[in-house]
Each structure stands twice: as C-alpha cells, then as structure tokens.
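Peer 1: Got a structure for you, questions after.
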Protein chains: 4
Amino acid sequence: VKYRFFDDYSEGVHPQLMSAIAAYNGGQDEGYGLDEVCRLARERIMARFEVDADVHFVAGATQANLIAVGSMLRSYQGIIAPTTGHIVVHETGAVEATGHRIVTVEAEAGKLSPALIDQALSTHHDEHTVMPTAVFLTHATEAGTVYTPEEFSLVVGHAKDRGLTVFVDGARLAMALGASSAMTPVAFASSGVDVFTVGGTKVGGMFGEAIVIVDEGLRRDFRYHLKQRGALLAKGRFLGAQFARFFDEDDLWLELGRRSNENAQRLSRGIEAIGLSLAQAPETNQVFVILPDDAAAALAADYGFHIWERQDDGHCVIRLVCSWATAEAAIDRFLVDAAAATDTPPVPSS
Amino acid sequence: VKYRFFDDYSEGVHPQLMSAIAAYNGGQDEGYGLDEVCRLARERIMARFEVDADVHFVAGATQANLIAVGSMLRSYQGIIAPTTGHIVVHETGAVEATGHRIVTVEAEAGKLSPALIDQALSTHHDEHTVMPTAVFLTHATEAGTVYTPEEFSLVVGHAKDRGLTVFVDGARLAMALGASSAMTPVAFASSGVDVFTVGGTKVGGMFGEAIVIVDEGLRRDFRYHLKQRGALLAKGRFLGAQFARFFDEDDLWLELGRRSNENAQRLSRGIEAIGLSLAQAPETNQVFVILPDDAAAALAADYGFHIWERQDDGHCVIRLVCSWATAEAAIDRFLVDAAAATDTPPVPSS
Amino acid sequence: VKYRFFDDYSEGVHPQLMSAIAAYNGGQDEGYGLDEVCRLARERIMARFEVDADVHFVAGATQANLIAVGSMLRSYQGIIAPTTGHIVVHETGAVEATGHRIVTVEAEAGKLSPALIDQALSTHHDEHTVMPTAVFLTHATEAGTVYTPEEFSLVVGHAKDRGLTVFVDGARLAMALGASSAMTPVAFASSGVDVFTVGGTKVGGMFGEAIVIVDEGLRRDFRYHLKQRGALLAKGRFLGAQFARFFDEDDLWLELGRRSNENAQRLSRGIEAIGLSLAQAPETNQVFVILPDDAAAALAADYGFHIWERQDDGHCVIRLVCSWATAEAAIDRFLVDAAAATDTPPVPSS
Amino acid sequence: VKYRFFDDYSEGVHPQLMSAIAAYNGGQDEGYGLDEVCRLARERIMARFEVDADVHFVAGATQANLIAVGSMLRSYQGIIAPTTGHIVVHETGAVEATGHRIVTVEAEAGKLSPALIDQALSTHHDEHTVMPTAVFLTHATEAGTVYTPEEFSLVVGHAKDRGLTVFVDGARLAMALGASSAMTPVAFASSGVDVFTVGGTKVGGMFGEAIVIVDEGLRRDFRYHLKQRGALLAKGRFLGAQFARFFDEDDLWLELGRRSNENAQRLSRGIEAIGLSLAQAPETNQVFVILPDDAAAALAADYGFHIWERQDDGHCVIRLVCSWATAEAAIDRFLVDAAAATDTPPVPSS
C-alpha cells in the first residue's frame with residue numbers, strides 16, 4: 001500500500017472533531033444552520049479573528065468560492081485572479097457557471113500584487129469588457145506560499161484604493177496563519193479583507209468551510225445565495241459543531257495548521273540532509289523536491305505524489321503534501337527510500 | 001422547550017450511521033468519492049434496487065436536484081413539474097439559476113399524471129417556448145402522498161412514450177417505498193425511471209443524497225457536473241460510509257422510512273381517537289390535522305409545527321411531521337395536550 | 001396567396017421610417033448608439049413622455065425584456081408575471097436563461113392586480129424561495145386588453161408600496177396608449193413605472209425597441225448589460241433614426257398605434273354587421289371572433305390567423321390581428337368571405 | 001470634424017444593400033427568418049461556399065458569437081481561444097454569461113496553432129477542470145492578420161484530430177478571404193470548420209451576421225438558441241435581404257472585403273512613401289503605423305484612431321482602420337498631415 005503525499009485530505013477527521021460531531025448528535029434543533037452550535041461557532045470565529053462579521057458554514061471549498069464570488073458581483077462584473085488561482089484551474093469553471101468572467105494575470109508564486117491589479121484594470125475601462133470589481137487572493141496560495149504581512153497589506157490596500165472587493169480563499173488559511181512570521185488571525189481579519197473563507201477540510205474537518213463576510217453590504221441576503229446554490233444543509237449543526245471545536249480555547253484550528261507545516265519542515269530538512277535539493281523552501285505544508293526522473297519513478301511505486309513540473313532534461317520537481325496527520329514514521333521511511341532511490345547515503349532525518 | 005414536529009431532520013444522525021462514519025475514519029484513502037467505501041455503497045445500492053446505474057453521493061437534496069436536472073437538459077430545454085414540486089417552491093430558483101425553466105402544472109396531491117404531462121406539452125411546440133424534455137416527480141410527494149404502483153407505472157410510461165426523461169426526487173423515497181402497498185425498490189427502479197435520488201438526510205443521515213443514474217446516456221461526464229456545482233467533496237468517503245450502512249443487509253434505509261411512517265400512523269390513530277379529524281389519511285410520515293384556530297394557537301406554545309392551510313373560518317389544517325426518531329412519549333404527550341386544547345376527553349393513543 | 005392576419009409584423013417598414021433610415025445613411029458617426037441621431041431620438045422620447053430617463057435602443061423585444069429584467073434582479077431575485085406574460089409563454093425561457101425565476105400568477109385578461117401581487121408575495125418570505133422584487137406588466141397585454149388608467153394606477157402604486165420594481169413590456173405600447181380612453185404618454189410615464197419599453201417593430205419599425213429607464217438606480221452600467229447580451233449594435237444609428245422619426249412632431253408612433261386599433265375596429269364592426277359574434281370587444285388591434293369550426297377551416301384556406309381557443313363543441317375563437325398597414329380592401333374581402341363561409345348575408349363593412 | 005480611422009463600421013450602409021432592403025419592403029411575409037428572401041440568402045451562401053449547411057441571420061457579431069459558442073458546449077465544457085480573441089477581450093464576458101469558461105492561450109498575431117491547442121489540452125484532463133471541446137479562431141484576426149491556407153489547414157486538422165469543434169468568428173471574413181493569396185471561400189468552408197460566421201456589418205451591412213453551421217449535429221434546435229438569446233427578429237427579412245444581395249452574382253460581399261484591404265494598401269504605401277514605418281505589413285484592412293508621440297498627438301486633433309501599443313520611449317503604434325467606404329481623399333489628406341506632423345517631405349501617395 002502506498003503512503004499518500006498527494007494532498008491534505010486523504011486522512012479522515014481529527015479525533016477531537018469527530019468527538020464534537022458526536023457530542024452534538026442528541027436531541028432536536030433548528031435546521032439550516034440556525035441551531036445553537038452554529039451560533040456558538042460563529043461567535044468563536046468572530047472572537048478569534050476579533051472581527052464583526054456574518055459567518056456561514058458550507059460543506060466544500062469550491063462551493064464556498066462559487067457562492068462568495070457570485071454574491072459579490074453583478075452580472076457584468078468580473079474578478080481578478082492569478083492564473084494559478086483555485087477558481088481558475090481546479091473548479092471546472094464553477095465561477096463562470098454563475099455567469100462571471102475571471103480576469104487572469106500571470107503571478108509570481110501564486111500571489112497578486114498592486115502592479116498585477118493595475119495591469120488587469122488597465123485593459124478594462126468601458127462596457128466592451130467586463131468590469132473587474134473584486135480580487136481573488138489565496139492564502140496560503142496554491143503553490144504553498146504565503147503573503148508576507150507587508151505584501152498582504154500592500155495588495156489589500158491597493159485593491160481597496162481601486163474600489164475593489166477583496167476576497168481571500170482560505171482553504172489553507174490555518175497553514176498560512178500558522179506559518180513562521182505570519183500575520184496573526186486578528187491582523188489578517190482587520191487588513192481590509194471583505195470576505196474570507198476559513199478552511200476546515202484540509203486541517204482535519206470532515207466537510208466544512210466557513211465564509212466570513214466582514215463587509216456589511218455584502219452580508220445582505222446571503223442565505224438566499226447559499227440556498228440557491230444548494231449549500232444550505234438541513235443538519236447544518238454538524239458543520240457548526242466542527243467549527244465550534246476548531247475555535248475552542250485550545251486554538252485547535254491554528255494548531256493543526258501549524259502541525260501540517262511542521263511535518264513539512266521535518267520532511268524538507270530530511271530531504272536536504274540526504275543531499276537532495278528543494279525547488280523552493282517550504283513556507284507551509286507543501287514540499288517541492290527536485291529528483292532525477294528515474295528516482296521519481298522508483299519512489300512512485302510506494303508513495304503517492306504529483307509530478308509538479310519539469311526541472312530540466314533528466315529531473316523533475318515532485319510535490320509532497322504533509323497534513324496534520326502525516327505520520328513521522330512515513331516521513332522517515334520516505335527519506336530512507338528517497339536516499340536509496342538516489343544513491344545518497346541515508347541520514348537520520350532529525 | 002418545544003417538541004418539534006416541523007420536519008424530519010430536526011434530529012441528528014441515527015446511531016448506526018454515526019458508528020459507520022466513525023468506523024471509516026482511520027487511514028488514508030482517495031478523495032472525491034473515489035474511495036473504497038463509496039464503491040461499496042454504490043454496489044449495495046445497485047444490488048438493493050437490482051439496477052445497473054452510476055451512483056454519486058452529494059451533501060444535500062437541493063444540490064442533488066439542481067445538478068441532476070441541470071445535467072439532463074440542453075440550455076433551451078425545460079422540465080415539467082407540479083406547482084407543488086420542491087424545485088418549484090422550496091429551492092430559491094436553483095434550477096432557474098442553472099438557466100432552465102420549470103414548466104409547471106397544477107397537480108392533485110402533488111402528483112403528475114399523463115393528462116398533466118400532455119397539457120404541458122400542448123403549449124410547447126416550437127422555438128418560441130422552451131422545449132420540455134423531462135418530468136420531475138417527487139416520491140413521496142411534498143404533500144406526503146405516494147404514487148400507487150399503477151399511477152407510477154402510468155405516468156412514467158407515458159412520459160417515456162412522449163420521449164421525456166423521468167427524474168424522481170427521492171428525498172423521502174424511503175418513506176414512499178416503506179408505505180403500505182408501495183412498490184418494492186426493485187419495481188420502482190425498473191419502472192423506466194431515468195434518474196432518481198435516494199434521500200439519506202430525512203431518514204437519519206448526517207448529510208447525504210445519492211443520485212442514481214439508470215439511463216446510460218445521462219451518465220456521461222456526470223462528475224464534471226458535480227464538481228462545477230461544488231458538490232464533489234474531498235472527504236466524500238463520509239457520504240459513502242452512510243450509504244454503505246443504509247444498504248447493509250439489515251435494510252436500515254427502508255426500515256427507517258417505515259419507522260417514520262409508523263410514527264405518523266401512531267399519531268394519526270391517536271388524533272382520531274381523541275375525536276379530532278384528519279384532513280387526509282396519512283400515507284407516509286406527515287399528518288394533517290384539522291384544528292380550531294384557538295387550539296392550534298394553544299398547542300403552538302409547546303410544539304413546533306406548520307400551519308398548512310385554512311380549512312374554514314374557524315379552523316386550520318396543521319402539518320405534523322414524524323421521523324424515525326420521533327419519541328413515542330412525545331406523540332402521547334401531544335395527544336393529551338391536543339385533547340385538552342380542544343376540550344375532548346383524553347384517550348390513550350394505542 | 002393568403003392575406004395574413006397572424007400578427008402585426010408581417011408587413012415591412014413604414015415608408016416614413018424607411019426614409020429616415022436612408023436619410024441617416026451618409027457620412028461617419030460614432031458606433032454603438034453614441035451617435036447624433038440616437039441622441040436626438042432619446043431627447044424626443046423624453047420630451048414626448050415628459051420624463052427624465054436613460055433611453056437605450058435594441059433590435060428586438062425578447063432581447064429588450066431579457067436584458068431589462070435581468071438588469072433589475074440580483075441572482076436570487078425573481079419577477080412576478082401573469083401566466084400569459086410574453087416572458088412566460090413566448091420567449092423560450094430567456095429570462096430563466098439569465099438565471100432568474102418568473103413567479104407566475106393566473107390573471108384575468110392578462111392583467112396583474114394588487115391582489116395577484118399580494119398572492120405571489122404571500123408564498124415568498126424567506127431564503128427557501130426566490131425573492132420577488134419586480135413585477136412584469138404588459139401594456140397592451142398579450143390578450144389585446146389595456147389597463148384602464150385606474151387599474152394601472154392601482155397596480156403600479158401597490159407594487160411600489162410593496163417595494164417592487166415596476167417593468168412594463170411595451171411591445172404594443174403605441175396601441176395601448178392609442179386606445180380610446182387611454183392614459184396619455186405623460187400620465188403613463190409618470191405613474192411610477194421604473195422601466196418600460198417602447199415597441200417599434202409592431203408599429204412599422206424595421207427592428208427596434210427602446211428601453212426607457214426612469215429609476216435612477218437602475219440606470220447604472222446599463223450599457224454593460226446591453227453589450228454582454230449582444231445587444232449593442234455597431235451601427236446603432238439605424239435604430240436611433242427610426243425612433244427619432246417615430247417621435248418627431250407629427251407623433252407618428254402614437255398615430256400608427258391608433259391606426260392599428262382603427263383597422264381592428266373596422267374589422268370588428270364588420271364582423272358584427274354580418275351577424276357573427278366577437279369573443280370580446282377589441283380594445284386594441286386584436287379581434288377575437290367566434291366561428292363555427294367549418295367556417296374557420298374554410299377561411300383558413302385564404303387567410304392566415306391563429307385559432308385562439310375552443311369556444312364550445314362546434315365553435316372556436318380565432319384571433320385576427322390588424323396593423324397600421326392592414327389594407328381596408330383585405331378587411332372588406334375577409335368580411336365577404338366570412339359571411340359566405342357562415343352563410344350570413346353580406347353587409348358592407350362601413 | 002475628424003475623419004474616423006477608428007473602425008470599419010463608422011460609415012453607414014452600402015448603397016446596393018440599402019436598395020436591397022428597400023426592395024423587400026413591400027407586402028406581407030413570414031416573420032422570424034422564415035421568409036422568402038432569407039431562404040434565397042441561405043441558398044446563395046451555400047452556393048458561394050459550396051457547402052451544405054444551416055444558415056441563420058442575427059443582428060450583431062457578439063450575439064452571433066455567444067449563441068454559436070453556447071450552442072456547441074455542454075454546461076461543463078469550454079472553448080479554447082487566444083487571449084486576443086474577440087470573445088475574450090471585447091464582449092463583456094458574453095460567453096461566460098452563458099455559463100462557459102474560455103480557456104485562453106497566448107498566441108502570436110492572434111492565431112491559434114496545433115501547439116497552442118495541445119498546450120491548452122495538456123492542463124485539462126479530468127473533472128476538476130472544464131473540458132475544452134471547441135476552439136475559437138478569428139479570420140481575419142483581431143490583429144488584422146490572416147491564417148495562410150497552410151496554417152489554417154494545420155490548425156483545423158489538428159483540432160479535428162483532437163475531437164474539438166472548430167468555430168470561426170468571421171466578422172471580417174470578407175477581408176480575410178479577400179486578402180492576397182487567401183483561401184477561396186470554397187476552400188475555407190471545406191477545411192473542416194464546423195461553424196463559422198459571415199460578417200456583414202463591417203463590409204457595409206446595416207446590421208447582420210450569418211451563422212453557418214456545417215456540422216450536422218450542431219444544427220439541432222438552433223432556432224431555440226436564437227430565440228432564447230433574443231436574436232430571432234420578427235422582421236428577419238431585412239437581414240436576409242442584405243445577405244441575398246451580398247451573395248448575388250457580382251460577389252459584392254467579397255468585393256467589399258477586397259476594397260477595404262485595398263484602401264489599407266493605399267494608405268500603407270503612402271505611409272512608407274512619406275518615410276514612416278509600419279509596425280507590420282498590413283494583411284487586411286488595418287494599418288499599424290509607428291509614430292513619434294508628438295506626431296500622434298498632433299494627428300489626433302483631426303483624425304480618429306486608436307493608440308495600439310507603445311513602441312519605445314518616444315514612439316507609439318497607432319492603428320488605422322480602412323473600410324470599403326474610406327475616401328481616397330481622406331487617405332491622401334491624412335498622409336499630407338502625417339508628413340507635416342513628422343516633418344517628412346510630402347509625397348503623393350500613389
């Protein structure tokens with residue numbers, strides 16, 4: 001059986017979250033997210049981010065994105081996103097299926113910048129093009145990078161100056177905010193962001209993303225959007241139960257983001273220790289390793305991972321994703337096997 | 001605290017289903033419904049209905065409807081539905097939001113018939129109207145009724161004769177097939193139905209509806225539809241785990257439908273025993289009771305239910321919904337209170 | 001060759017309009033409706049209706065409706081319309097294709113009323129249904145009727161009281177305002193209507209409907225809507241040229257509406273004179289005649305018309321539409337032939 | 001008054017086309033494109049291109065594109081287009097508004113190639129992305145270039161090999177096929193193209209594009225698509241009248257394309273004669289001239305044109321568009337003024 005480094009959702013539900021789900025199973029309650037534990041979860045999220053907001057829970061990240069983006073645009077308006085954005089490359093045209101164009105720009109390391117925003121705006125000035133009125137940021141990005149506090153402040157401030165709505169896809173927000181020298185959750189939420197999602201699935205949730213709407217105007221009638229897109233779940237309380245637990249006093253959500261990053265650090269230190277090269281230093285829970293093609297092929301027999309890109313004629317870059325649940329033993333075994341596959345002397349990983 | 005007779009999803013998850021979810025929590029597996037337990041659930045559903053089909057799991061019933069209906073229509077095609085259909089009255093225009101018109105007809109007891117289908121077709125014959133190419137049946141209907149085997153056979157056969165695709169919303173299919181003198185699941189699935197949903201949420205599931213695609217042509221690329229609408233969940237295995245349990249050897253799914261109906265029978269027998277009148281004999285898990293307005297108001301202090309319609313000047317019809325989890329004690333207590341509120345002598349309910 | 005009483009667009013372009021088109025053919029001008037003659041046409045329309053408004057010209061009435069309705073609704077909002085409304089029965093789901101549900105009510109003679117509006121609102125109160133925020137009136141209606149000034153004032157006032165946007169499909173507005181005892185254009189435009197269309201095609205235009213946006217909020221970015229739906233024509237000046245002529249000093253537009261009505265009056269008087277019955281007195285340019293089935297069949301050999309509905313076992317109602325261009329000779333000949341087909345003595349028609 | 005070199009639709013209607021419109025004005029006929037002259041126009045187009053096809057007429061090019069593209073895609077499918085494609089940059093997200101993503105690739109000179117198609121396909125292989133099933137070519141391209149017969153054959157053949165539907169936006173097809181060493185119309189239509197448009201507006205039409213559907217499967221129910229998008233015009237005969245004239249024996253359509261190109265040749269020869277440089281040799285009716293910024297500013301006082309791009313620090317590239325109607329005198333005057341603005345000695349332009 002292969003050990004999967006494909007992604008951060010191959011494992012199931014964190015035991016504490018499973019317990020929380022079971023704990024809220026008894027009795028009767030309101031449906032569709034109007035229950036007690038959803039209310040509690042909302043309060044805890046607002047408290048943790050120190051922000052006044054409407055908070056809604058949905059089952060999946062694509063659903064969260066398509067609803068949030070769709071809700072903030074009039075029919076002729078579009079959203080600016082990097083070509084690597086999840087809504088661009090991995091959601092089967094879900095945003096377009098709501099009728100909106102995504103205005104794409106080529107971005108470094110998955111990050112928007114003031115210059116890229118201006119570039120997008122510069123070609124959209126009248127009714128012969130869509131009107132870009134929002135920006136799509138991912139934090140952490142699809143490339144595993146994080147905006148530094150300065151970068152984030154600049155890009156958000158610039159977008160606001162240009163009158164754009166700022167949306168942050170936070171499917172891996174726990175990893176981003178759990179990265180070293182990251183913004184605090186409070187700094188993040190008070191940066192000018194209008195709407196952001198708080199990913200649960202990739203840090204041990206069963207299903208579940210929270211949509212946090214900071215901007216008051218955008219809160220309007222949001223439950224209509226949810227219902228129309230099929231996102232209002234009768235037993236929404238089981239989404240609320242997870243988020244109430246995530247944001248309980250022990251800060252489990254952020255802790256699981258940190259742990260995912262630490263597992264990636266352990267793996268990347270080991271990679272360097274056995275003499276292999278990283279394509280880039282890992283900022284969150286993704287590790288990009290340069291491998292000879294034959295070593296990649298050999299490792300693929302026992303491990304699951306994606307070939308990310310070609311490095312040069314004989315080498316490729318593979319992506320290894322760690323999660324909160326990645327077993328240390330699996331990391332260590334991978335390092336041994338990687339050393340063997342590349343004929344480098346085995347070295348203990350820590 | 002009120003006892004809720006509002007609906008069949010105010011309670012949580014059936015213990016056997018919660019156990020099944022927990023049982024599949026360990027280890028790593030494929031995401032997005034490609035895992036082992038989803039595969040098992042598919043096989044069991046096909047075996048139970050004795051049908052060859054593609055089976056997909058989604059989190060909610062509105063989502064199931066909008067995706068299934070959207071997938072079977074070209075952009076200028078519409079679906080015929082009764083004015084009481086869930087897609088017409090309770091889904092916030094979700095089908096229209098995918099670009100399609102619902103062609104509505106006034107139906108008795110929530111049921112389509114050959115005559116109603118022909119009525120709809122008779123006003124749609126050229127490119128100045130949408131082209132109706134599908135019909136939407138609900139079984140059990142939103143009014144709690146079920147198609148008799150003869151009615152069902154007639155309407156499905158007629159729709160097929162007219163070249164229409166037959167879709168059945170089975171959010172309460174367990175109640176329909178668990179009703180007295182109902183079709184068997186096998187008879188249902190072999191009736192000519194092209195696509196149907198198997199509701200889990202209303203019979204004790206956490207989240208979850210199965211979409212069963214019998215027609216081969218309609219199976220094409222269905223996972224694209226799922227992903228585009230945000231319905232493909234990373235940890236789909238927890239949907240599969242529920243359905244694998246529902247369709248395990250003890251036939252839990254059908255059993256929970258039957259139990260919901262039996263609770264309604266217990267309640268309705270009690271209603272008649274205390275001298276009150278039913279607006280109609282309950283066919284599934286919904287009980288419609290005629291009450292003096294003041295009695296309805298008095299009972300509303302302690303019980304949750306919907307006023308369904310006006311009966312006459314001093315009376316209304318209330319709807320009481322039972323579920324697999326409705327407590328017998330709650331039913332009995334309601335009967336005592338209803339007797340008191342209407343000044344009828346209390347009578348033991350069974 | 002049959003004489004066509006099918007509709008009011010079987011004839012071509014009124015000579016004065018054709019001349020106007022030719023007159024604006026020379027030279028260069030701005031494209032997309034930003035030219036001089038479009039500007040002139042806008043001014044004249046505002047002057048004729050004594051209203052401050054944004055005015056846009058599009059080629060067709062379905063296009064006008066889908067764009068105007070789509071522009072006034074957020075994605076989860078719907079529009080209330082009678083089941084006979086053109087957007088309901090004759091536009092191939094064009095409004096739904098923009099993602100919006102039409103909330104239909106059964107109306108007498110094609111007219112909405114305060115009671116019907118309230119009926120529609122009464123079943124739409126939370127996020128489980130679309131939110132109706134607009135009403136769709138047709139004036140003249142699809143049944144050839146017109147709102148009396150009192151009816152119109154009541155229904156528009158009621159809609160405004162309920163916070164609804166009022167849209168009037170004016171494909172046959174010239175006939176409506178040209179009917180006996182009709183509102184004046186000024187009274188119509190100042191009634192509280194938010195958006196209305198001014199039909200050109202059915203009164204001798206080549207292609208062309210004007211969209212008149214009275215409400216200031218709804219004017220926003222309207223050219224984006226036009227462009228996105230393919231309605232912004234490079235040589236929009238030829239739409240403007242027609243409307244500048246329609247609303248020149250001789251009031252040609254209203255005059256052609258009146259003439260259409262008069263032709264229908266001449267026809268209906270003749271029908272009664274030969275002893276046949278009208279299903280209803282004609283209010284605009286449509287005449288509904290009760291005929292024995294065999295007479296209808298005999299007349300269909302030489303005349304084009306639609307069978308409107310069944311009257312009784314041996315009789316049907318046929319619809320005869322007159323236009324500004326209907327030849328008196330054709331009317332007189334029809335009457336002779338109708339008399340012969342029904343064995344009634346021929347009588348001169350005027 | 002400025003002379004406009006902005007575009008090829010600033011002038012009105014070619015006299016022969018205006019005459020044809022007037023000639024078909026008398027009498028009654030079928031509406032919605034089912035009339036005699038539309039039939040004649042269809043036959044002549046099929047004869048000219050020697051192709052069996054369904055032919056439909058619509059008023060505008062954006063409308064033609066959004067309907068044609070929308071009709072060939074299922075809801076989760078997308079179309080591959082160069083980033084310069086008209087549907088990408090100048091149609092306000094019209095294609096996305098029908099629910100479809102455009103998969104863009106960076107193209108040289110506005111042309112797709114086999115390699116670019118493969119590049120687009122290489123990143124779309126499962127249900128997590130849209131499924132690209134069509135390609136969008138423009139001929140002539142938005143940059144004024146034309147596919148050589150070899151290029152066209154290669155790209156169309158490659159697309160067909162990959163199972164893709166080939167759509168050609170022919171808003172300037174007359175210029176493309178009228179270019180020197182171009183494909184003949186017959187060679188073009190038999191190249192494997194599935195659907196193409198025949199632009200009328202830019203070669204002297206009033207309004208009007210023909211959609212030519214060669215592929216039999218794509219012809220299905222096309223009038224429903226037209227009607228749903230508001231493109232079926234009651235008096236469609238005036239579109240047909242133009243195309244019947246365009247494709248009459250004197251080959252007016254192609255002739256007007258050629259004349260547009262010749263006017264551009266005259267202008268470009270003159271530009272070189274006065275010592276200025278072209279950014280590229282004109283292939284159709286667009287001329288790109290490199291000018292010092294101050295000269296561009298000076299000329300902008302008397303002439304209308306777009307600044308296309310920056311050439312270098314002190315120079316820009318301006319685009320001058322000629323049409324069938326561009327006056328030789330205007331060209332000559334422009335050359336004199338351009339020479340003056342750039343201090344080059346005036347030279348007669350031919």
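Labels for the structure tokens follow display order: chains A, B, ..., residues from 1 in each chain, ligands from 1.
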Please determine the contact residues of chain C with respect to chain D at a cut-off of 6 Å, counting only C-alpha atoms, and supply them as a list in words.

Peer 2: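 Per the criterion, chain C yields Ser10, Glu11, Gly12, Asn25, Gly27, Gln28, Asp29, Thr62, Gln63, Thr92, Ala94, Gln228 and Gly230 of chain C.
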
Peer 1: As a PyMOL selection string, please: all residues of range 66-143 of chain A that backbone DSSP puts in strand (DSSP E or B).

Peer 2: chain A and resi 77-82+102-105+131-138

Peer 1: Could you pull the residues within 7 Å of range 75-80 of chain D, counting only C-alpha atoms, minus those fewer than 2 positions along the same chain, as JSON, numbers by chain?

Peer 2: {"A": [92], "B": [224, 225, 228], "D": [73, 99, 100, 101, 102, 103, 104, 130, 131, 132, 133, 134, 135, 136]}

Peer 1: Name the residues of range 192-249 of chain A that fall into alpha helix (DSSP H) according to DSSP on the backbone, using the chain letters and numbers of this document, as a list in words.

Peer 2: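 Taking range 192-249 of chain A and keeping alpha helix (DSSP H) gives Phe222, Arg223, Tyr224, His225, Leu226, Lys227, Gln228, Arg237, Phe238, Leu239, Gly240, Ala241, Gln242, Phe243, Ala244, Arg245 and Phe246 of chain A.
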
Peer 1: Fewer than 2 positions away in the same chain doesn't count, so skip those; otherwise give me all residues within 7 Å of Arg319 in chain D, counting only C-alpha atoms, as a list in words.

Peer 2: Gln286, Val287, Phe288, Val289, Phe305, His306, Ile307, Trp308, Val317 and Val321 of chain D

Peer 1: Point out the residue among D:Glu108, D:Asp52, D:Glu283, D:Asp302 with the least atom-to-atom distance to Val195 in chain D, counting only C-alpha atoms.

Peer 2: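 Checking each candidate against Val195 in chain D, we get D:Asp52 as the closest.
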
Peer 1: Write out as JSON lines a residue-level contact list of range 134-230 of chain A versus range 254-278 of chain A with cut-off 6 Å: for each qualifying residue the closest pair of atoms and the distance in Å to one decimal, counting only C-alpha atoms, rows sorted by chain and residue number upward.

Peer 2:
{"residue": "A:Ala174", "atom": "CA", "partner": "A:Gly257", "partner_atom": "CA", "distance": 4.4}
{"residue": "A:Met175", "atom": "CA", "partner": "A:Gly257", "partner_atom": "CA", "distance": 4.2}
{"residue": "A:Gly178", "atom": "CA", "partner": "A:Arg258", "partner_atom": "CA", "distance": 4.7}
{"residue": "A:Val203", "atom": "CA", "partner": "A:Leu256", "partner_atom": "CA", "distance": 5.8}

Peer 1: Figure out the distance between CA of Cys322 in chain C and CA of Val166 in chain C, please, to one decimal in Å.

Peer 2: 28.7 Å

Peer 1: Mind checking which residues fall within 12 Å of Gly217 in chain C, counting only C-alpha atoms, ignoring those fewer than 3 positions away in the same chain, and posting them as a list of chain:residue names?

Peer 2: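 The residues satisfying every condition are C:Ala53, C:Asp54, C:Ser71, C:Met72, C:Thr165, C:Asp194, C:Val195, C:Ile213, C:Val214, C:Arg220, C:Asp221, C:Phe222.
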
Peer 1: Output N, CA, C and O atoms for every residue in that selection, as a PDB file, in the first residue's frame.

Peer 2:
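Produced file part17.pdb, reproduced below:
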ATOM      1  N   ALA C  53     -34.953  60.239 -18.163  1.00  0.00           N
ATOM      2  CA  ALA C  53     -34.689  58.805 -18.213  1.00  0.00           C
ATOM      3  C   ALA C  53     -33.435  58.524 -19.010  1.00  0.00           C
ATOM      4  O   ALA C  53     -32.972  59.371 -19.777  1.00  0.00           O
ATOM      5  N   ASP C  54     -32.881  57.322 -18.805  1.00  0.00           N
ATOM      6  CA  ASP C  54     -31.902  56.808 -19.754  1.00  0.00           C
ATOM      7  C   ASP C  54     -32.667  56.016 -20.797  1.00  0.00           C
ATOM      8  O   ASP C  54     -33.569  55.243 -20.453  1.00  0.00           O
ATOM      9  N   SER C  71     -31.353  42.948 -15.641  1.00  0.00           N
ATOM     10  CA  SER C  71     -30.587  44.044 -15.042  1.00  0.00           C
ATOM     11  C   SER C  71     -31.151  44.495 -13.706  1.00  0.00           C
ATOM     12  O   SER C  71     -30.451  45.114 -12.908  1.00  0.00           O
ATOM     13  N   MET C  72     -32.420  44.221 -13.457  1.00  0.00           N
ATOM     14  CA  MET C  72     -33.045  44.744 -12.235  1.00  0.00           C
ATOM     15  C   MET C  72     -33.115  43.717 -11.104  1.00  0.00           C
ATOM     16  O   MET C  72     -33.626  44.029 -10.028  1.00  0.00           O
ATOM     17  N   THR C 165     -40.026  46.719  -8.026  1.00  0.00           N
ATOM     18  CA  THR C 165     -39.686  47.446  -9.241  1.00  0.00           C
ATOM     19  C   THR C 165     -40.754  47.152 -10.295  1.00  0.00           C
ATOM     20  O   THR C 165     -41.144  46.004 -10.473  1.00  0.00           O
ATOM     21  N   ASP C 194     -40.924  52.036 -13.374  1.00  0.00           N
ATOM     22  CA  ASP C 194     -39.477  52.205 -13.248  1.00  0.00           C
ATOM     23  C   ASP C 194     -38.755  52.053 -14.577  1.00  0.00           C
ATOM     24  O   ASP C 194     -37.807  52.767 -14.874  1.00  0.00           O
ATOM     25  N   VAL C 195     -39.177  51.064 -15.343  1.00  0.00           N
ATOM     26  CA  VAL C 195     -38.575  50.801 -16.648  1.00  0.00           C
ATOM     27  C   VAL C 195     -39.697  50.398 -17.594  1.00  0.00           C
ATOM     28  O   VAL C 195     -40.573  49.620 -17.209  1.00  0.00           O
ATOM     29  N   ILE C 213     -35.433  53.864 -18.960  1.00  0.00           N
ATOM     30  CA  ILE C 213     -35.174  53.599 -17.551  1.00  0.00           C
ATOM     31  C   ILE C 213     -35.414  54.879 -16.759  1.00  0.00           C
ATOM     32  O   ILE C 213     -34.608  55.809 -16.800  1.00  0.00           O
ATOM     33  N   VAL C 214     -36.527  54.907 -16.066  1.00  0.00           N
ATOM     34  CA  VAL C 214     -36.885  56.089 -15.301  1.00  0.00           C
ATOM     35  C   VAL C 214     -36.156  56.101 -13.960  1.00  0.00           C
ATOM     36  O   VAL C 214     -35.614  57.119 -13.542  1.00  0.00           O
ATOM     37  N   ARG C 220     -27.712  52.460 -13.794  1.00  0.00           N
ATOM     38  CA  ARG C 220     -26.293  52.173 -13.586  1.00  0.00           C
ATOM     39  C   ARG C 220     -25.735  51.087 -14.512  1.00  0.00           C
ATOM     40  O   ARG C 220     -26.234  49.970 -14.539  1.00  0.00           O
ATOM     41  N   ASP C 221     -24.708  51.452 -15.217  1.00  0.00           N
ATOM     42  CA  ASP C 221     -23.946  50.481 -16.014  1.00  0.00           C
ATOM     43  C   ASP C 221     -24.798  49.720 -17.018  1.00  0.00           C
ATOM     44  O   ASP C 221     -24.451  48.597 -17.398  1.00  0.00           O
ATOM     45  N   PHE C 222     -25.892  50.318 -17.467  1.00  0.00           N
ATOM     46  CA  PHE C 222     -26.794  49.541 -18.309  1.00  0.00           C
ATOM     47  C   PHE C 222     -26.154  49.119 -19.629  1.00  0.00           C
ATOM     48  O   PHE C 222     -26.474  48.063 -20.178  1.00  0.00           O
TER      49      PHE C 222
END

Peer 1: Considering only C-alpha atoms, return as a list of chain:residue names whatever protein or nucleic-acid residues lie within 8 Å of Leu17 in chain D, sequence-local ones (same chain, fewer than 5 positions apart) excluded.

Peer 2: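 Final neighbour list, sorted by chain and number: D:Gly204, D:Gly205, D:Ala241, D:Gln242, D:Arg245, D:Phe246.
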